[in-house]
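The file data31.pdb contains PDB, C-alpha atoms:
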```pdb
ATOM      1  CA  MET A   1      76.243  52.077  47.528  1.00  0.00           C
ATOM      2  CA  SER A   2      78.002  49.611  49.824  1.00  0.00           C
ATOM      3  CA  LYS A   3      77.731  45.915  49.063  1.00  0.00           C
ATOM      4  CA  ILE A   4      75.534  43.657  51.163  1.00  0.00           C
ATOM      5  CA  TRP A   5      77.117  40.275  51.830  1.00  0.00           C
ATOM      6  CA  ILE A   6      74.464  37.617  52.468  1.00  0.00           C
ATOM      7  CA  PHE A   7      75.938  34.545  54.143  1.00  0.00           C
ATOM      8  CA  ASP A   8      74.329  31.167  54.546  1.00  0.00           C
ATOM      9  CA  LEU A   9      75.346  29.518  57.836  1.00  0.00           C
ATOM     10  CA  ASP A  10      75.746  25.731  57.701  1.00  0.00           C
ATOM     11  CA  ASP A  11      78.425  24.437  55.311  1.00  0.00           C
ATOM     12  CA  THR A  12      79.154  28.011  54.254  1.00  0.00           C
ATOM     13  CA  LEU A  13      80.568  29.728  57.356  1.00  0.00           C
ATOM     14  CA  HIS A  14      81.413  26.462  59.101  1.00  0.00           C
ATOM     15  CA  ASP A  15      81.513  22.730  58.373  1.00  0.00           C
ATOM     16  CA  ALA A  16      78.156  21.361  59.533  1.00  0.00           C
ATOM     17  CA  SER A  17      78.391  18.145  57.513  1.00  0.00           C
ATOM     18  CA  ALA A  18      81.121  16.706  59.724  1.00  0.00           C
ATOM     19  CA  HIS A  19      79.322  16.433  63.075  1.00  0.00           C
ATOM     20  CA  ILE A  20      76.063  18.427  63.070  1.00  0.00           C
ATOM     21  CA  PHE A  21      74.089  17.309  60.004  1.00  0.00           C
ATOM     22  CA  PRO A  22      74.314  13.550  60.734  1.00  0.00           C
ATOM     23  CA  VAL A  23      72.797  14.105  64.195  1.00  0.00           C
ATOM     24  CA  MET A  24      70.208  16.573  62.886  1.00  0.00           C
ATOM     25  CA  ASN A  25      69.187  14.276  60.026  1.00  0.00           C
ATOM     26  CA  ARG A  26      68.684  11.402  62.468  1.00  0.00           C
ATOM     27  CA  ALA A  27      66.593  13.678  64.693  1.00  0.00           C
ATOM     28  CA  MET A  28      64.436  14.726  61.718  1.00  0.00           C
ATOM     29  CA  THR A  29      63.909  11.115  60.655  1.00  0.00           C
ATOM     30  CA  GLN A  30      62.983  10.199  64.245  1.00  0.00           C
ATOM     31  CA  TYR A  31      60.547  13.136  64.400  1.00  0.00           C
ATOM     32  CA  ILE A  32      58.806  11.966  61.221  1.00  0.00           C
ATOM     33  CA  MET A  33      58.666   8.386  62.581  1.00  0.00           C
ATOM     34  CA  ASP A  34      57.042   9.627  65.795  1.00  0.00           C
ATOM     35  CA  GLU A  35      54.643  12.169  64.288  1.00  0.00           C
ATOM     36  CA  LEU A  36      53.523  10.252  61.195  1.00  0.00           C
ATOM     37  CA  ALA A  37      53.849   6.696  62.597  1.00  0.00           C
ATOM     38  CA  LEU A  38      56.258   5.571  59.862  1.00  0.00           C
ATOM     39  CA  ASP A  39      59.111   3.107  60.094  1.00  0.00           C
ATOM     40  CA  GLU A  40      62.686   4.345  59.776  1.00  0.00           C
ATOM     41  CA  SER A  41      63.190   3.664  56.073  1.00  0.00           C
ATOM     42  CA  GLU A  42      59.858   5.287  55.133  1.00  0.00           C
ATOM     43  CA  ALA A  43      60.598   8.327  57.306  1.00  0.00           C
ATOM     44  CA  HIS A  44      64.093   8.658  55.842  1.00  0.00           C
ATOM     45  CA  LYS A  45      62.719   8.503  52.283  1.00  0.00           C
ATOM     46  CA  LEU A  46      60.033  11.084  53.051  1.00  0.00           C
ATOM     47  CA  ARG A  47      62.555  13.478  54.628  1.00  0.00           C
ATOM     48  CA  GLN A  48      64.828  13.274  51.581  1.00  0.00           C
ATOM     49  CA  HIS A  49      61.884  13.568  49.176  1.00  0.00           C
ATOM     50  CA  TYR A  50      60.671  16.814  50.766  1.00  0.00           C
ATOM     51  CA  TRP A  51      64.215  18.165  50.856  1.00  0.00           C
ATOM     52  CA  ARG A  52      64.571  17.512  47.117  1.00  0.00           C
ATOM     53  CA  VAL A  53      61.139  18.886  46.189  1.00  0.00           C
ATOM     54  CA  TYR A  54      61.000  21.947  48.477  1.00  0.00           C
ATOM     55  CA  GLY A  55      64.621  22.554  49.478  1.00  0.00           C
ATOM     56  CA  ALA A  56      63.557  22.010  53.106  1.00  0.00           C
ATOM     57  CA  THR A  57      62.045  18.985  54.843  1.00  0.00           C
ATOM     58  CA  LEU A  58      59.961  21.275  57.056  1.00  0.00           C
ATOM     59  CA  LYS A  59      58.094  22.814  54.111  1.00  0.00           C
ATOM     60  CA  GLY A  60      56.827  19.414  52.975  1.00  0.00           C
ATOM     61  CA  LEU A  61      55.825  18.442  56.518  1.00  0.00           C
ATOM     62  CA  MET A  62      53.898  21.693  56.973  1.00  0.00           C
ATOM     63  CA  ARG A  63      52.211  21.535  53.571  1.00  0.00           C
ATOM     64  CA  HIS A  64      51.215  17.871  53.563  1.00  0.00           C
ATOM     65  CA  HIS A  65      50.944  16.904  57.244  1.00  0.00           C
ATOM     66  CA  GLY A  66      50.121  20.107  59.132  1.00  0.00           C
ATOM     67  CA  VAL A  67      53.272  19.846  61.258  1.00  0.00           C
ATOM     68  CA  ASP A  68      53.850  22.743  63.696  1.00  0.00           C
ATOM     69  CA  PRO A  69      57.118  24.330  62.509  1.00  0.00           C
ATOM     70  CA  TYR A  70      58.163  25.589  65.959  1.00  0.00           C
ATOM     71  CA  HIS A  71      57.725  22.145  67.485  1.00  0.00           C
ATOM     72  CA  PHE A  72      59.647  20.497  64.632  1.00  0.00           C
ATOM     73  CA  LEU A  73      62.551  22.966  64.848  1.00  0.00           C
ATOM     74  CA  GLY A  74      62.708  22.761  68.625  1.00  0.00           C
ATOM     75  CA  GLU A  75      62.796  18.965  68.638  1.00  0.00           C
ATOM     76  CA  THR A  76      65.322  18.583  65.804  1.00  0.00           C
ATOM     77  CA  HIS A  77      67.776  21.328  66.798  1.00  0.00           C
ATOM     78  CA  LYS A  78      68.273  20.606  70.513  1.00  0.00           C
ATOM     79  CA  LEU A  79      71.877  19.487  69.912  1.00  0.00           C
ATOM     80  CA  ILE A  80      72.963  19.471  73.555  1.00  0.00           C
ATOM     81  CA  LYS A  81      76.561  18.720  72.557  1.00  0.00           C
ATOM     82  CA  LEU A  82      76.726  21.570  70.025  1.00  0.00           C
ATOM     83  CA  PRO A  83      79.890  23.142  71.556  1.00  0.00           C
ATOM     84  CA  GLU A  84      81.761  19.904  70.776  1.00  0.00           C
ATOM     85  CA  MET A  85      80.222  19.658  67.295  1.00  0.00           C
ATOM     86  CA  VAL A  86      81.051  23.105  65.876  1.00  0.00           C
ATOM     87  CA  LEU A  87      84.381  23.056  64.037  1.00  0.00           C
ATOM     88  CA  GLN A  88      86.321  26.285  64.501  1.00  0.00           C
ATOM     89  CA  THR A  89      87.670  28.042  61.409  1.00  0.00           C
ATOM     90  CA  LYS A  90      90.844  30.039  61.973  1.00  0.00           C
ATOM     91  CA  ARG A  91      90.880  33.557  60.535  1.00  0.00           C
ATOM     92  CA  LEU A  92      87.099  33.532  59.972  1.00  0.00           C
ATOM     93  CA  ARG A  93      86.474  36.493  62.280  1.00  0.00           C
ATOM     94  CA  HIS A  94      89.390  38.416  60.775  1.00  0.00           C
ATOM     95  CA  MET A  95      88.095  37.805  57.229  1.00  0.00           C
ATOM     96  CA  LEU A  96      84.613  39.064  58.161  1.00  0.00           C
ATOM     97  CA  GLN A  97      85.972  42.148  59.914  1.00  0.00           C
ATOM     98  CA  THR A  98      88.102  43.140  56.921  1.00  0.00           C
ATOM     99  CA  LEU A  99      85.213  42.678  54.463  1.00  0.00           C
ATOM    100  CA  HIS A 100      83.762  46.074  53.475  1.00  0.00           C
ATOM    101  CA  GLY A 101      79.994  46.465  53.386  1.00  0.00           C
ATOM    102  CA  ARG A 102      76.959  45.241  55.298  1.00  0.00           C
ATOM    103  CA  LYS A 103      76.918  41.605  56.391  1.00  0.00           C
ATOM    104  CA  VAL A 104      73.858  39.478  57.138  1.00  0.00           C
ATOM    105  CA  ILE A 105      73.024  35.822  57.810  1.00  0.00           C
ATOM    106  CA  PHE A 106      70.282  34.167  55.748  1.00  0.00           C
ATOM    107  CA  THR A 107      69.668  30.585  56.873  1.00  0.00           C
ATOM    108  CA  ASN A 108      67.026  27.868  56.787  1.00  0.00           C
ATOM    109  CA  ALA A 109      68.067  26.996  60.335  1.00  0.00           C
ATOM    110  CA  PRO A 110      66.047  28.235  63.336  1.00  0.00           C
ATOM    111  CA  ARG A 111      67.091  31.411  65.108  1.00  0.00           C
ATOM    112  CA  GLY A 112      68.095  29.835  68.427  1.00  0.00           C
ATOM    113  CA  TYR A 113      70.427  27.328  66.774  1.00  0.00           C
ATOM    114  CA  THR A 114      71.883  29.994  64.465  1.00  0.00           C
ATOM    115  CA  LEU A 115      72.710  32.328  67.357  1.00  0.00           C
ATOM    116  CA  ARG A 116      74.343  29.455  69.267  1.00  0.00           C
ATOM    117  CA  VAL A 117      76.557  28.547  66.308  1.00  0.00           C
ATOM    118  CA  LEU A 118      77.553  32.181  65.644  1.00  0.00           C
ATOM    119  CA  ASP A 119      78.409  32.571  69.331  1.00  0.00           C
ATOM    120  CA  LEU A 120      80.516  29.386  69.325  1.00  0.00           C
ATOM    121  CA  LEU A 121      82.329  30.613  66.198  1.00  0.00           C
ATOM    122  CA  GLY A 122      82.885  33.992  67.895  1.00  0.00           C
ATOM    123  CA  ILE A 123      81.430  35.964  64.978  1.00  0.00           C
ATOM    124  CA  GLY A 124      77.921  36.927  66.137  1.00  0.00           C
ATOM    125  CA  ASP A 125      78.779  40.631  66.324  1.00  0.00           C
ATOM    126  CA  CYS A 126      80.008  40.680  62.704  1.00  0.00           C
ATOM    127  CA  PHE A 127      76.446  40.673  61.305  1.00  0.00           C
ATOM    128  CA  GLU A 128      73.791  43.385  61.391  1.00  0.00           C
ATOM    129  CA  LEU A 129      70.958  40.911  60.844  1.00  0.00           C
ATOM    130  CA  VAL A 130      70.237  37.212  61.384  1.00  0.00           C
ATOM    131  CA  PHE A 131      67.439  36.245  58.983  1.00  0.00           C
ATOM    132  CA  SER A 132      66.421  32.730  60.048  1.00  0.00           C
ATOM    133  CA  VAL A 133      63.676  30.411  58.811  1.00  0.00           C
ATOM    134  CA  GLU A 134      61.243  32.045  61.264  1.00  0.00           C
ATOM    135  CA  SER A 135      62.035  35.443  59.663  1.00  0.00           C
ATOM    136  CA  THR A 136      60.838  34.091  56.289  1.00  0.00           C
ATOM    137  CA  LYS A 137      57.565  32.861  57.864  1.00  0.00           C
ATOM    138  CA  PHE A 138      58.905  29.402  56.939  1.00  0.00           C
ATOM    139  CA  HIS A 139      59.331  30.179  53.230  1.00  0.00           C
ATOM    140  CA  ALA A 140      62.756  28.565  53.378  1.00  0.00           C
ATOM    141  CA  LYS A 141      65.392  28.933  50.669  1.00  0.00           C
ATOM    142  CA  PRO A 142      65.210  28.422  47.712  1.00  0.00           C
ATOM    143  CA  SER A 143      61.683  29.931  47.867  1.00  0.00           C
ATOM    144  CA  VAL A 144      61.698  33.386  46.258  1.00  0.00           C
ATOM    145  CA  ARG A 145      59.328  34.677  48.958  1.00  0.00           C
ATOM    146  CA  GLY A 146      61.950  34.305  51.667  1.00  0.00           C
ATOM    147  CA  PHE A 147      64.444  36.254  49.550  1.00  0.00           C
ATOM    148  CA  GLN A 148      61.895  39.013  48.919  1.00  0.00           C
ATOM    149  CA  MET A 149      61.207  39.314  52.662  1.00  0.00           C
ATOM    150  CA  LEU A 150      64.944  39.639  53.307  1.00  0.00           C
ATOM    151  CA  LEU A 151      65.356  42.346  50.640  1.00  0.00           C
ATOM    152  CA  LYS A 152      62.386  44.258  52.069  1.00  0.00           C
ATOM    153  CA  THR A 153      63.860  44.050  55.586  1.00  0.00           C
ATOM    154  CA  LEU A 154      67.229  45.286  54.303  1.00  0.00           C
ATOM    155  CA  LYS A 155      65.541  48.007  52.180  1.00  0.00           C
ATOM    156  CA  THR A 156      67.804  47.173  49.277  1.00  0.00           C
ATOM    157  CA  GLN A 157      67.954  45.999  45.655  1.00  0.00           C
ATOM    158  CA  PRO A 158      69.215  42.547  44.603  1.00  0.00           C
ATOM    159  CA  SER A 159      71.937  44.206  42.500  1.00  0.00           C
ATOM    160  CA  ASP A 160      73.607  45.455  45.724  1.00  0.00           C
ATOM    161  CA  CYS A 161      73.768  41.927  47.173  1.00  0.00           C
ATOM    162  CA  VAL A 162      76.299  39.104  47.045  1.00  0.00           C
ATOM    163  CA  MET A 163      75.003  35.693  48.133  1.00  0.00           C
ATOM    164  CA  LEU A 164      77.422  33.122  49.601  1.00  0.00           C
ATOM    165  CA  GLU A 165      75.928  29.671  49.851  1.00  0.00           C
ATOM    166  CA  ASP A 166      76.721  25.954  49.547  1.00  0.00           C
ATOM    167  CA  ASN A 167      73.284  25.111  48.128  1.00  0.00           C
ATOM    168  CA  LEU A 168      72.799  25.500  44.369  1.00  0.00           C
ATOM    169  CA  PRO A 169      68.982  25.911  44.257  1.00  0.00           C
ATOM    170  CA  ALA A 170      69.300  28.864  46.677  1.00  0.00           C
ATOM    171  CA  LEU A 171      71.995  30.407  44.472  1.00  0.00           C
ATOM    172  CA  MET A 172      69.764  29.946  41.436  1.00  0.00           C
ATOM    173  CA  THR A 173      67.012  31.985  43.120  1.00  0.00           C
ATOM    174  CA  ALA A 174      69.548  34.640  44.133  1.00  0.00           C
ATOM    175  CA  LYS A 175      70.833  34.903  40.555  1.00  0.00           C
ATOM    176  CA  ARG A 176      67.328  35.103  39.076  1.00  0.00           C
ATOM    177  CA  LEU A 177      66.605  38.020  41.388  1.00  0.00           C
ATOM    178  CA  GLY A 178      69.766  39.796  40.237  1.00  0.00           C
ATOM    179  CA  MET A 179      72.271  39.085  43.009  1.00  0.00           C
ATOM    180  CA  GLN A 180      75.900  38.121  42.520  1.00  0.00           C
ATOM    181  CA  THR A 181      76.443  34.503  43.529  1.00  0.00           C
ATOM    182  CA  ILE A 182      79.342  32.736  45.227  1.00  0.00           C
ATOM    183  CA  TRP A 183      79.221  28.957  45.643  1.00  0.00           C
ATOM    184  CA  ILE A 184      81.164  27.568  48.609  1.00  0.00           C
ATOM    185  CA  THR A 185      82.108  24.051  47.522  1.00  0.00           C
ATOM    186  CA  LYS A 186      84.993  21.658  46.927  1.00  0.00           C
ATOM    187  CA  LYS A 187      83.467  20.728  43.542  1.00  0.00           C
ATOM    188  CA  LEU A 188      85.279  21.985  40.460  1.00  0.00           C
ATOM    189  CA  GLN A 189      82.486  22.364  37.906  1.00  0.00           C
ATOM    190  CA  LYS A 190      80.219  25.358  38.369  1.00  0.00           C
ATOM    191  CA  PRO A 191      76.868  26.044  36.699  1.00  0.00           C
ATOM    192  CA  ASN A 192      76.440  29.291  34.763  1.00  0.00           C
ATOM    193  CA  PHE A 193      74.228  30.932  37.414  1.00  0.00           C
ATOM    194  CA  VAL A 194      77.202  30.845  39.804  1.00  0.00           C
ATOM    195  CA  ASP A 195      79.529  33.836  39.378  1.00  0.00           C
ATOM    196  CA  PHE A 196      82.373  32.549  41.557  1.00  0.00           C
ATOM    197  CA  ARG A 197      83.293  29.240  43.154  1.00  0.00           C
ATOM    198  CA  LEU A 198      85.363  29.185  46.352  1.00  0.00           C
ATOM    199  CA  SER A 199      86.552  26.060  48.167  1.00  0.00           C
ATOM    200  CA  SER A 200      86.339  27.980  51.461  1.00  0.00           C
ATOM    201  CA  VAL A 201      84.651  31.175  52.596  1.00  0.00           C
ATOM    202  CA  LEU A 202      88.116  32.344  53.737  1.00  0.00           C
ATOM    203  CA  ALA A 203      89.127  32.666  50.066  1.00  0.00           C
ATOM    204  CA  LEU A 204      86.768  35.644  49.879  1.00  0.00           C
ATOM    205  CA  THR A 205      89.692  37.868  50.910  1.00  0.00           C
ATOM    206  CA  HIS A 206      91.374  37.139  47.543  1.00  0.00           C
ATOM    207  CA  LEU A 207      88.291  37.800  45.452  1.00  0.00           C
ATOM    208  CA  LYS A 208      88.063  41.191  43.761  1.00  0.00           C
ATOM    209  CA  LEU A 209      84.400  42.146  43.460  1.00  0.00           C
TER     210      LEU A 209
END
```
Can the structure from this file be put into structure tokens for me?
Amino acid sequence: MSKIWIFDLDDTLHDASAHIFPVMNRAMTQYIMDELALDESEAHKLRQHYWRVYGATLKGLMRHHGVDPYHFLGETHKLIKLPEMVLQTKRLRHMLQTLHGRKVIFTNAPRGYTLRVLDLLGIGDCFELVFSVESTKFHAKPSVRGFQMLLKTLKTQPSDCVMLEDNLPALMTAKRLGMQTIWITKKLQKPNFVDFRLSSVLALTHLKL
């Protein structure tokens, strides 16, 4: 059985923290200010609170405030200057092409944004499936339901899957389900539910799995 490589997008396949996340976080805070009539500090606190509790700001906004997910994602992911914001990673396409097995994207980002980033990175054709937050019916990672929907779509078992991700709660869910886990991080200490730690996704070529 060939391996299935499940890649997160932001801060796994490319560096989103440098230019994209600061803009997106401001847009999310502004959205909460506008929709819930909060001041900036209250909106910022609420956004971070929901991210900590649910792993995704959107989940808290949907659950507690009835926010329309499509409207939220559309407003917060416009990113008109995205081509200038995506940092290119040399050898990324080559690494993906030489990796044996099926390759999919599993992201909490919306589909439109994900496809734009993959296109800008020049790697869109390397993946058989883009499983975005809409694909999970907004059960964003680390929710087990989103993972189960992905596995059902792929018609596969967790034991055939390797999850690559910068977010530890998502890796914890993956491990509990029975996937192998690879944490993409510059941190040196790794928790026991992480099988491998790589400082860059490019280091995957040196990993013997």
* Structure fact -> Nearest to Ala170 of chain A, restricted to only C-alpha atoms and choosing among A:Tyr70, A:Tyr31, A:Trp183, A:Phe196, comes out as A:Trp183
Spatial neighbours of segment 173-180 of chain A, max dist 12 Å, only C-alpha atoms, sep filter under 6 positions, as an mmCIF file with C-alpha atoms, in the coordinates of the input:
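Result written to result_8.cif:
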```
data_model
loop_
_atom_site.group_PDB
_atom_site.id
_atom_site.type_symbol
_atom_site.label_atom_id
_atom_site.label_comp_id
_atom_site.auth_asym_id
_atom_site.auth_seq_id
_atom_site.Cartn_x
_atom_site.Cartn_y
_atom_site.Cartn_z
ATOM 1 C CA LYS A 3 77.731 45.915 49.063
ATOM 2 C CA ILE A 4 75.534 43.657 51.163
ATOM 3 C CA TRP A 5 77.117 40.275 51.830
ATOM 4 C CA ILE A 6 74.464 37.617 52.468
ATOM 5 C CA PHE A 7 75.938 34.545 54.143
ATOM 6 C CA ASP A 8 74.329 31.167 54.546
ATOM 7 C CA GLY A 55 64.621 22.554 49.478
ATOM 8 C CA PHE A 106 70.282 34.167 55.748
ATOM 9 C CA ALA A 140 62.756 28.565 53.378
ATOM 10 C CA LYS A 141 65.392 28.933 50.669
ATOM 11 C CA PRO A 142 65.210 28.422 47.712
ATOM 12 C CA SER A 143 61.683 29.931 47.867
ATOM 13 C CA VAL A 144 61.698 33.386 46.258
ATOM 14 C CA ARG A 145 59.328 34.677 48.958
ATOM 15 C CA GLY A 146 61.950 34.305 51.667
ATOM 16 C CA PHE A 147 64.444 36.254 49.550
ATOM 17 C CA GLN A 148 61.895 39.013 48.919
ATOM 18 C CA LEU A 150 64.944 39.639 53.307
ATOM 19 C CA LEU A 151 65.356 42.346 50.640
ATOM 20 C CA THR A 156 67.804 47.173 49.277
ATOM 21 C CA GLN A 157 67.954 45.999 45.655
ATOM 22 C CA PRO A 158 69.215 42.547 44.603
ATOM 23 C CA SER A 159 71.937 44.206 42.500
ATOM 24 C CA ASP A 160 73.607 45.455 45.724
ATOM 25 C CA CYS A 161 73.768 41.927 47.173
ATOM 26 C CA VAL A 162 76.299 39.104 47.045
ATOM 27 C CA MET A 163 75.003 35.693 48.133
ATOM 28 C CA LEU A 164 77.422 33.122 49.601
ATOM 29 C CA GLU A 165 75.928 29.671 49.851
ATOM 30 C CA ASN A 167 73.284 25.111 48.128
ATOM 31 C CA PRO A 191 76.868 26.044 36.699
ATOM 32 C CA ASN A 192 76.440 29.291 34.763
ATOM 33 C CA PHE A 193 74.228 30.932 37.414
ATOM 34 C CA VAL A 194 77.202 30.845 39.804
ATOM 35 C CA ASP A 195 79.529 33.836 39.378
ATOM 36 C CA PHE A 196 82.373 32.549 41.557
ATOM 37 C CA ARG A 197 83.293 29.240 43.154
ATOM 38 C CA LEU A 209 84.400 42.146 43.460
#
```
* Do you know which residues the PyMOL selection byres ((chain A and resi 126) around 8) returns on this file, as an MDAnalysis selection string? -> chainID A and resid 93 96:97 103 123:125 127:128
* To do: Between atom CA of Pro22 of chain A and atom CA of Asp166 of chain A, measure the distance and give it in Å to one decimal.
  =>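 Atom-to-atom, atom CA of Pro22 of chain A to atom CA of Asp166 of chain A, that is 16.9 Å.
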* To do: Could you tell me which of A:Leu9, A:Val201, A:Leu58, A:Val117 comes closest to Glu134 of chain A if we count all atoms listed in the file?
  =>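 Nearest to Glu134 of chain A: A:Leu58.
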* Residue nearest Thr89 of chain A among A:Leu120, A:Ile32, A:Lys137, A:Val130 (counting all atoms listed in the file) ->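 Selected residue with least distance to Thr89 of chain A: A:Leu120.
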* Asked: What does the distance between atom CA of Leu92 of chain A and atom CA of Leu13 of chain A come to in Å, to one decimal place?
  -> 8.0 Å
* Separation of atom CA of Ile20 of chain A and atom CA of His206 of chain A, in Å? ->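 Calculated distance between atom CA of Ile20 of chain A and atom CA of His206 of chain A is 28.7 Å.
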Because some atoms of segment 1-26 of chain A are absent here, can you restore N, CA and C atoms and send them as a JSON list (two decimals), keeping the file's coordinate frame?
```
[["chain", "number", "residue", "atom", "x", "y", "z"],
["A", 1, "MET", "N", 77.03, 52.98, 46.69],
["A", 1, "MET", "CA", 76.24, 52.08, 47.53],
["A", 1, "MET", "C", 77.12, 50.92, 48.01],
["A", 2, "SER", "N", 77.14, 50.69, 49.33],
["A", 2, "SER", "CA", 78.00, 49.61, 49.82],
["A", 2, "SER", "C", 77.35, 48.26, 49.56],
["A", 3, "LYS", "N", 78.21, 47.26, 49.33],
["A", 3, "LYS", "CA", 77.73, 45.92, 49.06],
["A", 3, "LYS", "C", 77.07, 45.32, 50.30],
["A", 4, "ILE", "N", 76.12, 44.43, 50.07],
["A", 4, "ILE", "CA", 75.53, 43.66, 51.16],
["A", 4, "ILE", "C", 75.92, 42.20, 50.95],
["A", 5, "TRP", "N", 76.66, 41.66, 51.90],
["A", 5, "TRP", "CA", 77.12, 40.28, 51.83],
["A", 5, "TRP", "C", 76.11, 39.41, 52.58],
["A", 6, "ILE", "N", 75.48, 38.49, 51.87],
["A", 6, "ILE", "CA", 74.46, 37.62, 52.47],
["A", 6, "ILE", "C", 75.07, 36.22, 52.62],
["A", 7, "PHE", "N", 75.29, 35.83, 53.86],
["A", 7, "PHE", "CA", 75.94, 34.54, 54.14],
["A", 7, "PHE", "C", 74.94, 33.50, 54.61],
["A", 8, "ASP", "N", 74.97, 32.34, 53.97],
["A", 8, "ASP", "CA", 74.33, 31.17, 54.55],
["A", 8, "ASP", "C", 75.17, 30.77, 55.77],
["A", 9, "LEU", "N", 74.61, 29.92, 56.64],
["A", 9, "LEU", "CA", 75.35, 29.52, 57.84],
["A", 9, "LEU", "C", 76.01, 28.15, 57.67],
["A", 10, "ASP", "N", 75.20, 27.09, 57.69],
["A", 10, "ASP", "CA", 75.75, 25.73, 57.70],
["A", 10, "ASP", "C", 76.38, 25.34, 56.38],
["A", 11, "ASP", "N", 77.60, 24.84, 56.46],
["A", 11, "ASP", "CA", 78.42, 24.44, 55.31],
["A", 11, "ASP", "C", 78.82, 25.61, 54.42],
["A", 12, "THR", "N", 78.64, 26.82, 54.94],
["A", 12, "THR", "CA", 79.15, 28.01, 54.25],
["A", 12, "THR", "C", 80.14, 28.71, 55.19],
["A", 13, "LEU", "N", 79.68, 29.09, 56.37],
["A", 13, "LEU", "CA", 80.57, 29.73, 57.36],
["A", 13, "LEU", "C", 81.28, 28.72, 58.25],
["A", 14, "HIS", "N", 80.74, 27.52, 58.32],
["A", 14, "HIS", "CA", 81.41, 26.46, 59.10],
["A", 14, "HIS", "C", 81.00, 25.11, 58.53],
["A", 15, "ASP", "N", 81.75, 24.08, 58.89],
["A", 15, "ASP", "CA", 81.51, 22.73, 58.37],
["A", 15, "ASP", "C", 80.47, 22.02, 59.25],
["A", 16, "ALA", "N", 79.23, 22.03, 58.78],
["A", 16, "ALA", "CA", 78.16, 21.36, 59.53],
["A", 16, "ALA", "C", 78.02, 19.90, 59.14],
["A", 17, "SER", "N", 78.54, 19.53, 57.99],
["A", 17, "SER", "CA", 78.39, 18.14, 57.51],
["A", 17, "SER", "C", 79.17, 17.16, 58.37],
["A", 18, "ALA", "N", 80.25, 17.61, 58.97],
["A", 18, "ALA", "CA", 81.12, 16.71, 59.72],
["A", 18, "ALA", "C", 80.42, 16.10, 60.94],
["A", 19, "HIS", "N", 79.87, 16.94, 61.81],
["A", 19, "HIS", "CA", 79.32, 16.43, 63.08],
["A", 19, "HIS", "C", 77.87, 16.81, 63.33],
["A", 20, "ILE", "N", 77.39, 17.91, 62.73],
["A", 20, "ILE", "CA", 76.06, 18.43, 63.07],
["A", 20, "ILE", "C", 74.97, 17.79, 62.21],
["A", 21, "PHE", "N", 75.14, 17.81, 60.89],
["A", 21, "PHE", "CA", 74.09, 17.31, 60.00],
["A", 21, "PHE", "C", 73.72, 15.84, 60.24],
["A", 22, "PRO", "N", 74.71, 14.95, 60.49],
["A", 22, "PRO", "CA", 74.31, 13.55, 60.73],
["A", 22, "PRO", "C", 73.37, 13.41, 61.93],
["A", 23, "VAL", "N", 73.64, 14.15, 62.99],
["A", 23, "VAL", "CA", 72.80, 14.10, 64.19],
["A", 23, "VAL", "C", 71.43, 14.73, 63.91],
["A", 24, "MET", "N", 71.44, 15.86, 63.20],
["A", 24, "MET", "CA", 70.21, 16.57, 62.89],
["A", 24, "MET", "C", 69.32, 15.74, 61.94],
["A", 25, "ASN", "N", 69.95, 15.10, 60.97],
["A", 25, "ASN", "CA", 69.19, 14.28, 60.03],
["A", 25, "ASN", "C", 68.53, 13.10, 60.74],
["A", 26, "ARG", "N", 69.26, 12.50, 61.68],
["A", 26, "ARG", "CA", 68.68, 11.40, 62.47],
["A", 26, "ARG", "C", 67.50, 11.90, 63.30]]
```
